[in-house]
file target-v4.tsv (TSV, C-alpha atoms and all ligand atoms)
chain	number	residue	atom	x	y	z
A	25	MET	CA	-6.86	-33.96	-31.98
A	26	LYS	CA	-6.39	-34.50	-35.73
A	27	PHE	CA	-8.00	-31.75	-37.76
A	28	ARG	CA	-9.80	-34.08	-40.19
A	29	ASN	CA	-11.36	-35.87	-37.22
A	30	PHE	CA	-12.55	-32.57	-35.81
A	31	PRO	CA	-16.06	-32.98	-34.36
A	32	ILE	CA	-17.96	-30.36	-36.38
A	33	TYR	CA	-21.19	-31.29	-34.61
A	34	ARG	CA	-19.66	-30.17	-31.34
A	35	ILE	CA	-19.11	-26.59	-32.44
A	36	GLU	CA	-21.10	-24.02	-30.48
A	37	TRP	CA	-22.06	-22.01	-33.55
A	38	VAL	CA	-23.70	-18.96	-31.96
A	39	THR	CA	-20.99	-18.47	-29.33
A	40	SER	CA	-18.22	-19.11	-31.86
A	41	ALA	CA	-19.71	-16.67	-34.38
A	42	PHE	CA	-20.02	-13.99	-31.69
A	43	LEU	CA	-16.53	-14.47	-30.23
A	44	ILE	CA	-14.73	-14.76	-33.57
A	45	GLY	CA	-16.89	-12.15	-35.32
A	46	THR	CA	-16.42	-9.44	-32.67
A	47	ALA	CA	-12.68	-10.16	-32.48
A	48	LEU	CA	-12.30	-9.90	-36.28
A	49	LEU	CA	-14.28	-6.66	-36.45
A	50	ALA	CA	-12.28	-5.22	-33.54
A	51	VAL	CA	-8.98	-5.77	-35.34
A	52	THR	CA	-10.21	-4.60	-38.78
A	53	VAL	CA	-13.09	-2.12	-38.69
A	54	VAL	CA	-11.97	-0.31	-35.51
A	55	PRO	CA	-8.42	0.55	-36.76
A	56	TRP	CA	-9.87	1.43	-40.21
A	57	PHE	CA	-12.38	3.80	-38.60
A	58	LEU	CA	-9.77	5.42	-36.33
A	59	TRP	CA	-7.37	5.89	-39.27
A	60	ASN	CA	-9.90	7.37	-41.68
A	61	HIS	CA	-12.34	9.22	-39.45
A	62	TYR	CA	-10.43	10.44	-36.41
A	63	SER	CA	-10.55	14.01	-37.67
A	64	ASP	CA	-14.26	13.87	-38.74
A	65	VAL	CA	-15.47	12.82	-35.31
A	66	GLN	CA	-15.99	15.32	-32.49
A	67	GLY	CA	-15.93	14.57	-28.78
A	68	TRP	CA	-12.97	12.18	-28.46
A	69	GLY	CA	-12.53	13.07	-24.77
A	70	PHE	CA	-16.06	11.81	-24.11
A	71	ILE	CA	-15.65	8.76	-26.35
A	72	TRP	CA	-12.39	7.56	-24.74
A	73	SER	CA	-13.77	8.22	-21.24
A	74	LEU	CA	-16.81	6.10	-22.10
A	75	PHE	CA	-14.48	3.34	-23.37
A	76	VAL	CA	-12.48	3.38	-20.11
A	77	PHE	CA	-15.65	3.48	-17.99
A	78	TYR	CA	-17.14	0.51	-19.88
A	79	TYR	CA	-13.86	-1.39	-19.74
A	80	PHE	CA	-13.72	-1.20	-15.94
A	81	ALA	CA	-17.49	-1.46	-15.35
A	82	THR	CA	-17.85	-4.67	-17.39
A	83	GLY	CA	-14.50	-6.05	-16.13
A	84	PHE	CA	-15.52	-5.53	-12.50
A	85	GLY	CA	-18.97	-6.89	-13.39
A	86	ILE	CA	-17.15	-10.20	-13.89
A	87	THR	CA	-14.39	-10.13	-11.25
A	88	LEU	CA	-16.24	-8.35	-8.44
A	89	GLY	CA	-19.74	-9.56	-9.32
A	90	TYR	CA	-19.76	-12.90	-11.12
A	91	HIS	CA	-16.58	-14.16	-9.49
A	92	ARG	CA	-16.09	-12.93	-5.94
A	93	LEU	CA	-19.69	-12.02	-5.02
A	94	PHE	CA	-21.78	-14.70	-6.75
A	95	SER	CA	-19.44	-17.66	-7.29
A	96	HIS	CA	-17.60	-17.44	-3.97
A	97	LEU	CA	-19.91	-15.41	-1.68
A	98	ALA	CA	-16.77	-13.59	-0.49
A	99	PHE	CA	-18.88	-10.66	0.75
A	100	ARG	CA	-22.46	-9.42	0.86
A	101	ALA	CA	-23.62	-6.57	-1.36
A	102	LYS	CA	-26.59	-4.21	-1.28
A	103	TRP	CA	-28.96	-4.35	-4.24
A	104	PRO	CA	-27.52	-1.31	-6.11
A	105	VAL	CA	-24.13	-3.09	-6.28
A	106	LYS	CA	-25.79	-6.34	-7.36
A	107	LEU	CA	-27.79	-4.56	-10.01
A	108	PHE	CA	-24.72	-2.75	-11.33
A	109	VAL	CA	-22.61	-5.93	-11.66
A	110	LEU	CA	-25.50	-7.87	-13.19
A	111	LEU	CA	-26.14	-5.17	-15.81
A	112	PHE	CA	-22.49	-4.67	-16.74
A	113	GLY	CA	-21.64	-8.35	-16.29
A	114	ALA	CA	-24.29	-9.13	-18.93
A	115	ALA	CA	-22.69	-6.49	-21.17
A	116	SER	CA	-19.40	-8.39	-21.06
A	117	PHE	CA	-21.19	-11.25	-22.88
A	118	GLU	CA	-19.91	-14.07	-20.69
A	119	ASN	CA	-23.29	-15.66	-20.05
A	120	SER	CA	-25.48	-15.09	-16.99
A	121	ALA	CA	-24.08	-14.80	-13.47
A	122	LEU	CA	-25.92	-18.04	-12.63
A	123	ASP	CA	-24.32	-20.09	-15.44
A	124	TRP	CA	-20.91	-18.48	-14.95
A	125	SER	CA	-20.97	-19.29	-11.22
A	126	ALA	CA	-22.12	-22.87	-11.82
A	127	ASP	CA	-19.16	-23.47	-14.17
A	128	HIS	CA	-16.77	-21.68	-11.86
A	129	ARG	CA	-17.76	-23.65	-8.77
A	130	ILE	CA	-17.14	-26.87	-10.71
A	131	HIS	CA	-13.77	-25.44	-11.79
A	132	HIS	CA	-12.75	-25.01	-8.13
A	133	LYS	CA	-14.10	-28.39	-7.08
A	134	HIS	CA	-12.44	-30.32	-9.90
A	135	VAL	CA	-9.50	-28.10	-10.85
A	136	ASP	CA	-7.16	-29.76	-13.41
A	137	GLU	CA	-9.46	-32.77	-13.69
A	138	ASP	CA	-11.59	-33.86	-16.63
A	139	GLU	CA	-14.74	-32.37	-15.06
A	140	ASP	CA	-13.09	-28.92	-14.84
A	141	PRO	CA	-14.95	-26.89	-17.52
A	142	TYR	CA	-11.77	-25.01	-18.45
A	143	ASP	CA	-9.23	-27.67	-17.54
A	144	ILE	CA	-5.75	-26.27	-18.21
A	145	SER	CA	-4.34	-29.76	-18.74
A	146	LYS	CA	-6.15	-29.68	-22.10
A	147	GLY	CA	-3.89	-26.78	-23.10
A	148	PHE	CA	-3.82	-22.96	-23.16
A	149	PHE	CA	-6.22	-22.60	-26.09
A	150	TYR	CA	-8.84	-24.90	-24.61
A	151	ALA	CA	-8.78	-23.22	-21.18
A	152	HIS	CA	-8.79	-19.73	-22.70
A	153	ILE	CA	-11.53	-19.95	-25.32
A	154	GLY	CA	-11.70	-23.46	-26.80
A	155	TRP	CA	-14.12	-24.69	-24.14
A	156	LEU	CA	-16.59	-22.02	-25.33
A	157	LEU	CA	-16.14	-22.67	-29.06
A	158	PHE	CA	-16.92	-26.38	-28.92
A	159	ARG	CA	-18.44	-28.55	-26.27
A	160	LEU	CA	-16.55	-31.81	-25.95
A	161	LYS	CA	-19.09	-33.39	-23.63
A	162	PRO	CA	-22.64	-32.64	-22.57
A	163	LYS	CA	-23.06	-29.84	-20.02
A	164	PRO	CA	-23.53	-31.29	-16.51
A	165	PRO	CA	-26.83	-30.50	-14.77
A	166	VAL	CA	-26.75	-27.19	-12.88
A	167	ASN	CA	-27.17	-28.18	-9.23
A	168	ASN	CA	-24.57	-26.19	-7.35
A	169	VAL	CA	-26.11	-22.70	-7.36
A	170	LYS	CA	-29.25	-23.16	-5.26
A	171	ASP	CA	-28.31	-20.09	-3.19
A	172	LEU	CA	-28.20	-17.92	-6.32
A	173	GLU	CA	-31.44	-19.36	-7.67
A	174	ALA	CA	-33.11	-17.91	-4.57
A	175	ASP	CA	-31.99	-14.40	-5.53
A	176	PRO	CA	-34.65	-12.67	-7.69
A	177	LEU	CA	-32.17	-10.20	-9.20
A	178	VAL	CA	-29.84	-13.00	-10.28
A	179	MET	CA	-32.76	-14.93	-11.79
A	180	TRP	CA	-34.05	-11.83	-13.60
A	181	GLN	CA	-30.60	-11.35	-15.17
A	182	HIS	CA	-30.40	-15.06	-16.02
A	183	ARG	CA	-33.73	-14.90	-17.88
A	184	TYR	CA	-32.97	-11.78	-19.93
A	185	VAL	CA	-29.19	-11.86	-20.05
A	186	HIS	CA	-28.87	-11.48	-23.85
A	187	TRP	CA	-31.32	-8.60	-24.00
A	188	ILE	CA	-29.65	-6.86	-21.07
A	189	GLY	CA	-26.24	-7.42	-22.62
A	190	LEU	CA	-27.36	-6.10	-25.98
A	191	THR	CA	-28.98	-3.01	-24.46
A	192	VAL	CA	-26.30	-2.08	-21.92
A	193	GLY	CA	-23.35	-3.23	-24.04
A	194	PHE	CA	-24.24	-2.15	-27.60
A	195	ILE	CA	-27.23	0.22	-27.55
A	196	VAL	CA	-26.53	2.51	-24.58
A	197	PRO	CA	-22.97	3.57	-25.67
A	198	PRO	CA	-24.06	4.99	-29.09
A	199	LEU	CA	-27.16	6.53	-27.49
A	200	LEU	CA	-24.95	8.34	-24.97
A	201	GLY	CA	-22.62	9.42	-27.79
A	202	TRP	CA	-25.54	10.77	-29.81
A	203	ALA	CA	-27.00	12.59	-26.78
A	204	TYR	CA	-23.63	14.12	-25.95
A	205	GLY	CA	-23.05	15.16	-29.57
A	206	SER	CA	-26.50	16.76	-29.82
A	207	LEU	CA	-26.09	18.54	-26.49
A	208	MET	CA	-22.72	19.95	-27.53
A	209	GLY	CA	-24.10	20.97	-30.94
A	210	PHE	CA	-21.66	18.82	-32.95
A	211	THR	CA	-22.07	18.90	-36.75
A	212	SER	CA	-22.62	15.14	-36.78
A	213	PRO	CA	-23.71	13.57	-33.48
A	214	TRP	CA	-24.18	10.32	-35.44
A	215	MET	CA	-20.43	10.01	-35.97
A	216	THR	CA	-19.85	10.44	-32.22
A	217	ALA	CA	-22.51	7.76	-31.67
A	218	LEU	CA	-20.78	5.43	-34.15
A	219	ALA	CA	-17.39	5.96	-32.47
A	220	CYS	CA	-18.97	5.16	-29.07
A	221	PHE	CA	-20.47	1.98	-30.51
A	222	LEU	CA	-17.18	0.85	-32.05
A	223	LEU	CA	-14.98	1.64	-29.02
A	224	ALA	CA	-17.11	1.39	-25.85
A	225	GLY	CA	-19.21	-1.37	-27.44
A	226	LEU	CA	-17.30	-3.56	-29.86
A	227	LEU	CA	-13.61	-3.08	-29.01
A	228	ARG	CA	-14.34	-3.04	-25.27
A	229	VAL	CA	-16.26	-6.36	-25.42
A	230	VAL	CA	-13.31	-8.06	-27.10
A	231	VAL	CA	-10.69	-6.57	-24.77
A	232	VAL	CA	-12.63	-7.42	-21.59
A	233	GLN	CA	-13.44	-10.93	-22.79
A	234	GLN	CA	-9.81	-11.69	-23.61
A	235	ALA	CA	-8.75	-10.21	-20.25
A	236	THR	CA	-11.18	-12.32	-18.26
A	237	PHE	CA	-10.46	-15.45	-20.35
A	238	CYS	CA	-6.87	-15.04	-19.11
A	239	ILE	CA	-8.14	-15.94	-15.61
A	240	ASN	CA	-8.77	-19.46	-16.88
A	241	SER	CA	-5.66	-19.75	-19.03
A	242	LEU	CA	-2.70	-17.56	-17.95
A	243	CYS	CA	-3.63	-17.69	-14.25
A	244	HIS	CA	-3.06	-21.45	-14.43
A	245	MET	CA	0.23	-21.14	-16.32
A	246	VAL	CA	2.22	-18.04	-15.45
A	247	GLY	CA	3.73	-17.24	-12.07
A	248	ARG	CA	4.69	-18.70	-8.71
A	249	GLN	CA	2.98	-21.14	-6.37
A	250	PRO	CA	3.66	-19.84	-2.85
A	251	TYR	CA	0.60	-21.40	-1.20
A	252	SER	CA	0.22	-24.78	-2.85
A	253	THR	CA	1.59	-26.93	-5.65
A	254	THR	CA	-1.29	-29.40	-5.47
A	255	HIS	CA	-3.03	-27.57	-8.37
A	256	SER	CA	-1.98	-25.57	-11.42
A	257	ALA	CA	-3.12	-22.11	-10.24
A	258	ARG	CA	-0.38	-19.48	-10.04
A	259	ASP	CA	0.32	-16.02	-8.64
A	260	SER	CA	1.54	-13.35	-11.06
A	261	GLY	CA	1.52	-9.58	-10.70
A	262	ALA	CA	1.81	-9.15	-14.47
A	263	VAL	CA	-1.28	-11.30	-15.09
A	264	ALA	CA	-3.08	-9.39	-12.30
A	265	LEU	CA	-2.61	-6.22	-14.38
A	266	LEU	CA	-4.48	-7.86	-17.25
A	267	THR	CA	-7.22	-9.41	-15.14
A	268	PHE	CA	-8.40	-6.65	-12.77
A	269	GLY	CA	-6.40	-8.19	-9.92
A	270	GLU	CA	-7.31	-11.87	-10.43
A	271	GLY	CA	-3.68	-12.82	-11.20
A	272	TYR	CA	-3.01	-14.00	-7.64
A	273	HIS	CA	-4.75	-17.22	-8.49
A	274	ASN	CA	-2.61	-19.62	-6.44
A	275	TYR	CA	-3.79	-17.83	-3.30
A	276	HIS	CA	-7.34	-17.75	-4.66
A	277	HIS	CA	-7.50	-21.51	-5.23
A	278	GLU	CA	-6.21	-22.14	-1.70
A	279	PHE	CA	-8.57	-19.63	-0.06
A	280	GLN	CA	-11.43	-19.18	-2.51
A	281	HIS	CA	-13.80	-17.44	-0.08
A	282	ASP	CA	-11.43	-14.57	0.72
A	283	TYR	CA	-12.60	-11.34	-0.92
A	284	ARG	CA	-8.93	-10.58	-1.65
A	285	ASN	CA	-6.97	-12.33	-4.39
A	286	GLY	CA	-3.85	-10.20	-3.95
A	287	VAL	CA	-3.71	-10.70	-0.21
A	288	LYS	CA	-0.54	-8.68	0.42
A	289	GLY	CA	-1.01	-4.93	0.83
A	290	TRP	CA	1.25	-4.09	-2.11
A	291	GLN	CA	-0.32	-6.50	-4.61
A	292	TYR	CA	-2.30	-4.99	-7.52
A	293	ASP	CA	-5.88	-6.05	-6.86
A	294	PRO	CA	-8.28	-3.22	-7.82
A	295	THR	CA	-11.27	-5.56	-7.37
A	296	LYS	CA	-10.30	-5.95	-3.70
A	297	TRP	CA	-9.87	-2.18	-3.29
A	298	ILE	CA	-13.33	-1.51	-4.70
A	299	ILE	CA	-14.99	-4.12	-2.48
A	300	TRP	CA	-13.23	-2.55	0.52
A	301	GLY	CA	-14.31	0.94	-0.64
A	302	LEU	CA	-17.93	-0.25	-1.05
A	303	SER	CA	-17.85	-1.64	2.49
A	304	LYS	CA	-16.76	1.79	3.77
A	305	LEU	CA	-19.73	3.32	1.93
A	306	GLY	CA	-22.07	0.80	3.53
A	307	LEU	CA	-22.80	-0.89	0.17
A	308	ALA	CA	-20.94	-4.11	0.99
A	309	SER	CA	-20.52	-6.04	4.23
A	310	ASP	CA	-19.29	-9.33	5.72
A	311	LEU	CA	-16.00	-9.24	3.80
A	312	ARG	CA	-14.44	-12.65	4.33
A	313	ARG	CA	-10.74	-12.74	5.19
A	314	VAL	CA	-8.56	-15.75	5.91
A	315	PRO	CA	-6.59	-15.12	9.15
A	316	ASP	CA	-2.92	-14.18	8.59
A	317	SER	CA	-1.78	-17.18	10.65
A	318	ARG	CA	-3.52	-19.63	8.30
A	319	ILE	CA	-2.01	-17.92	5.28
A	320	MET	CA	1.45	-18.03	6.89
A	321	ALA	CA	0.97	-21.71	7.77
A	322	ALA	CA	0.19	-22.48	4.12
A	323	GLU	CA	3.25	-20.54	2.96
A	324	LEU	CA	5.54	-22.25	5.48
A	325	LYS	CA	4.28	-25.70	4.60
A	326	GLU	CA	4.65	-25.09	0.88
A	327	ARG	CA	8.15	-23.61	1.35
A	328	SER	CA	9.28	-26.57	3.44
A	329	LEU	CA	7.98	-28.99	0.80
A	330	THR	CA	9.72	-27.08	-2.00
A	331	LEU	CA	12.93	-26.88	0.02
A	332	GLY	CA	12.85	-30.61	0.73
A	333	ARG	CA	12.27	-31.39	-2.95
A	334	ASP	CA	14.97	-28.97	-4.10
A	335	ILE	CA	17.57	-30.23	-1.64
A	336	ASP	CA	17.00	-33.83	-2.67
A	337	ARG	CA	17.29	-32.88	-6.32
A	338	LEU	CA	20.37	-30.75	-5.69
A	339	ALA	CA	22.01	-33.41	-3.53
A	340	ALA	CA	21.42	-36.07	-6.17
A	341	ARG	CA	22.90	-33.80	-8.80
A	342	LEU	CA	25.85	-32.81	-6.60
A	343	ASP	CA	26.62	-36.40	-5.82
A	344	ALA	CA	26.63	-37.33	-9.50
A	345	ARG	CA	28.75	-34.29	-10.27
A	346	THR	CA	31.29	-35.14	-7.53
A	347	ARG	CA	31.57	-38.72	-8.78
A	348	GLU	CA	32.08	-37.46	-12.31
A	349	LEU	CA	34.77	-35.01	-11.17
A	350	LYS	CA	36.58	-37.66	-9.17
A	351	ALA	CA	36.48	-40.08	-12.09
A	352	ARG	CA	37.89	-37.42	-14.38
A	353	THR	CA	40.68	-36.51	-11.91
A	354	ILE	CA	41.57	-40.17	-11.44
A	355	ALA	CA	41.66	-40.79	-15.19
A	356	ALA	CA	43.84	-37.71	-15.70
A	357	ALA	CA	46.15	-38.87	-12.91
A	358	HIS	CA	46.50	-42.26	-14.57
A	359	ASP	CA	47.35	-40.63	-17.89
A	360	LEU	CA	49.87	-38.40	-16.18
A	361	ALA	CA	51.46	-41.35	-14.39
A	362	GLN	CA	51.84	-43.22	-17.71
A	363	GLU	CA	53.31	-40.14	-19.35
A	364	LEU	CA	55.79	-39.74	-16.51
A	365	ALA	CA	56.83	-43.41	-16.80
A	366	ALA	CA	57.35	-43.11	-20.58
A	367	ARG	CA	59.38	-39.92	-20.15
A	368	ALA	CA	61.49	-41.58	-17.45
A	369	GLU	CA	62.19	-44.52	-19.79
A	370	ALA	CA	63.20	-42.10	-22.57
A	371	LEU	CA	65.47	-40.17	-20.22
A	372	LYS	CA	67.10	-43.40	-19.07
A	373	GLU	CA	67.82	-44.35	-22.69
A	374	ALA	CA	69.20	-40.89	-23.40
A	375	ALA	CA	71.50	-41.18	-20.42
A	376	ALA	CA	72.72	-44.59	-21.61
A	377	THR	CA	73.64	-43.20	-25.04
A	378	LYS	CA	75.00	-40.04	-23.41
A	379	ALA	CA	72.71	-38.00	-25.61
A	380	GLU	CA	72.26	-34.42	-24.52
A	381	VAL	CA	69.00	-33.40	-22.91
A	382	GLY	CA	68.14	-29.76	-23.62
A	383	ARG	CA	67.14	-27.22	-20.92
A	384	GLU	CA	63.74	-26.83	-22.47
A	385	THR	CA	63.03	-30.54	-22.13
A	386	MET	CA	64.16	-30.43	-18.51
A	387	ALA	CA	61.88	-27.48	-17.79
A	388	GLU	CA	59.01	-29.32	-19.44
A	389	LEU	CA	59.66	-32.40	-17.31
A	390	ARG	CA	59.78	-30.29	-14.12
A	391	GLY	CA	56.41	-28.89	-15.15
A	392	LEU	CA	55.09	-32.43	-15.50
A	393	LEU	CA	56.37	-33.30	-12.05
A	394	ASN	CA	54.69	-30.27	-10.50
A	395	GLN	CA	51.50	-31.17	-12.30
A	396	ALA	CA	51.66	-34.67	-10.85
A	397	ALA	CA	52.21	-33.29	-7.33
A	398	ALA	CA	49.25	-30.98	-7.68
A	399	HIS	CA	47.10	-33.85	-8.93
A	400	LEU	CA	48.07	-36.05	-6.07
A	401	GLU	CA	47.30	-33.29	-3.61
A	402	SER	CA	43.86	-32.72	-5.11
A	403	LEU	CA	43.13	-36.44	-5.06
A	404	ARG	CA	44.13	-36.64	-1.40
A	405	ARG	CA	41.95	-33.68	-0.61
A	406	ALA	CA	38.98	-35.20	-2.44
A	407	ASP	CA	39.55	-38.43	-0.57
A	408	ALA	CA	39.69	-36.64	2.80
A	409	GLY	CA	36.52	-34.72	1.84
A	410	SER	CA	34.57	-37.86	1.00
A	411	ALA	CA	35.82	-39.58	4.20
A	412	ALA	CA	34.55	-36.61	6.22
A	501	ZN	ZN	-8.74	-21.18	-11.53
A	502	ZN	ZN	-12.65	-18.52	-8.24
call {"tool": "encode", "arguments": {"input": "target-v4.tsv", "output": "structure tokens", "more": "lines below"}}
Ligand SMILES: [Zn+2]
Ligand SMILES: [Zn+2]
result
Amino acid sequence: MKFRNFPIYRIEWVTSAFLIGTALLAVTVVPWFLWNHYSDVQGWGFIWSLFVFYYFATGFGITLGYHRLFSHLAFRAKWPVKLFVLLFGAASFENSALDWSADHRIHHKHVDEDEDPYDISKGFFYAHIGWLLFRLKPKPPVNNVKDLEADPLVMWQHRYVHWIGLTVGFIVPPLLGWAYGSLMGFTSPWMTALACFLLAGLLRVVVVQQATFCINSLCHMVGRQPYSTTHSARDSGAVALLTFGEGYHNYHHEFQHDYRNGVKGWQYDPTKWIIWGLSKLGLASDLRRVPDSRIMAAELKERSLTLGRDIDRLAARLDARTRELKARTIAAAHDLAQELAARAEALKEAAATKAEVGRETMAELRGLLNQAAAHLESLRRADAGSAA
């Protein structure tokens, strides 16, 4: 897309201002505040703990709530779990669970196609954040979330998502900081409140958004494809670290209703561990798992396809390489033969004129002879090899 032809009228102004504004403030005001006011503020233990709590609560709001529970119905949850993920999901400022799920279900249905809302074939930037900054085509009608529309909690969050997000994401953290500061008798509880706003509010929103945006970008670019190469989704442990365990995205696109993304026991998938933990507490049930045999079948099929492709490619390359080697050996043999003939002619002339032939020349000629014998041998061997 040429910049001067950029469709200004397609910019989503409010979303763009929020995403770019929060990111700019997070990389300017936050470091400035930490540098200049770290020693004036009391209660850093509380402030950093609140940051970490908000980071995981809003991150899991998306991965456990919006993604695995609402988009894929990978398990059932009791209302306290639903309420928690709806509150903190709203505080991650990624739209309502209803809208998020509608987009995400289209993503799975039309992955890598033009209808895919965050189609990776339009590039990293588009899949990561571009699709939110400008809308290239009108939003399709929402008709794939009837099940969620029947859930009063989901609809309540959908109606008030911005207010809930604002309250839980930006008002509660400074309130908690102020309350803690007052309770502890700090000289300035307001500074603790401000630090809570900047870290657990502002910085956390940006970090969690970028982390979850990676599910749409990096998860379709970085890693292996053990289960299928029919789509761009990939498995990567490193990306799983960034995305609360969503990095095993190749598996996820093959088996989207499994509550696990990192299906192997050793894979880093904290979202899966929490769902499992909730089920043990009686707060989640009906965890959907794809049987091991089906997973193995997918792996075997994919491996056999890759092997077939690789062998063909390797064989084609080997064949070309062998031909090239043979051609080079034959050409060298020809050169050697000509050289030998010329030297023989020269020797004959020398003998006729009774000119002396030095020992060095004789040694050199013996070397040439040996070289020719070796060449011949290698040619014969190559010939026998190709006949076999
Ligand atoms: Zn995907
Ligand atoms: Zn998904």
call {"tool": "residues_near_ligand", "arguments": {"input": "target-v4.tsv", "ligand": "ligand ZN 502 (chain A)", "cutoff": "7 Å", "atoms": "only C-alpha atoms and all ligand atoms", "output": "VMD selection string"}}
result
chain A and resid 91 to 92 95 to 96 128 132 276 to 277 280
call {"tool": "residues_near_ligand", "arguments": {"input": "target-v4.tsv", "ligand": "ligand ZN 501 (chain A)", "cutoff": "8 Å", "atoms": "all atoms listed in the file", "output": "PyMOL selection string"}}
result
chain A and resi 131-132+135+239-240+243-244+257+273+276-277
call {"tool": "write_last_selection", "arguments": {"input": "target-v4.tsv", "atoms": "C-alpha atoms", "output": "PDB file, in the frame of the given file"}}
result
ATOM      1  CA  HIS A 131     -13.770 -25.440 -11.790  1.00  0.00           C
ATOM      2  CA  HIS A 132     -12.750 -25.010  -8.130  1.00  0.00           C
ATOM      3  CA  VAL A 135      -9.500 -28.100 -10.850  1.00  0.00           C
ATOM      4  CA  ILE A 239      -8.140 -15.940 -15.610  1.00  0.00           C
ATOM      5  CA  ASN A 240      -8.770 -19.460 -16.880  1.00  0.00           C
ATOM      6  CA  CYS A 243      -3.630 -17.690 -14.250  1.00  0.00           C
ATOM      7  CA  HIS A 244      -3.060 -21.450 -14.430  1.00  0.00           C
ATOM      8  CA  ALA A 257      -3.120 -22.110 -10.240  1.00  0.00           C
ATOM      9  CA  HIS A 273      -4.750 -17.220  -8.490  1.00  0.00           C
ATOM     10  CA  HIS A 276      -7.340 -17.750  -4.660  1.00  0.00           C
ATOM     11  CA  HIS A 277      -7.500 -21.510  -5.230  1.00  0.00           C
TER      12      HIS A 277
END
call {"tool": "axis_aligned_box", "arguments": {"input": "target-v4.tsv", "around": "range 133-136 of chain A", "padding_each_side": "4 Å", "output": "JSON"}}
result
{"center_x": -10.6, "center_y": -29.2, "center_z": -10.2, "size_x": 14.9, "size_y": 10.2, "size_z": 14.3}
call {"tool": "atom_distance", "arguments": {"input": "target-v4.tsv", "atom1": "CA of Leu311 in chain A", "atom2": "CA of Val246 in chain A"}}
result
27.9 Å
call {"tool": "atom_distance", "arguments": {"input": "target-v4.tsv", "atom1": "CA of Pro104 in chain A", "atom2": "CA of Trp202 in chain A"}}
result
26.7 Å
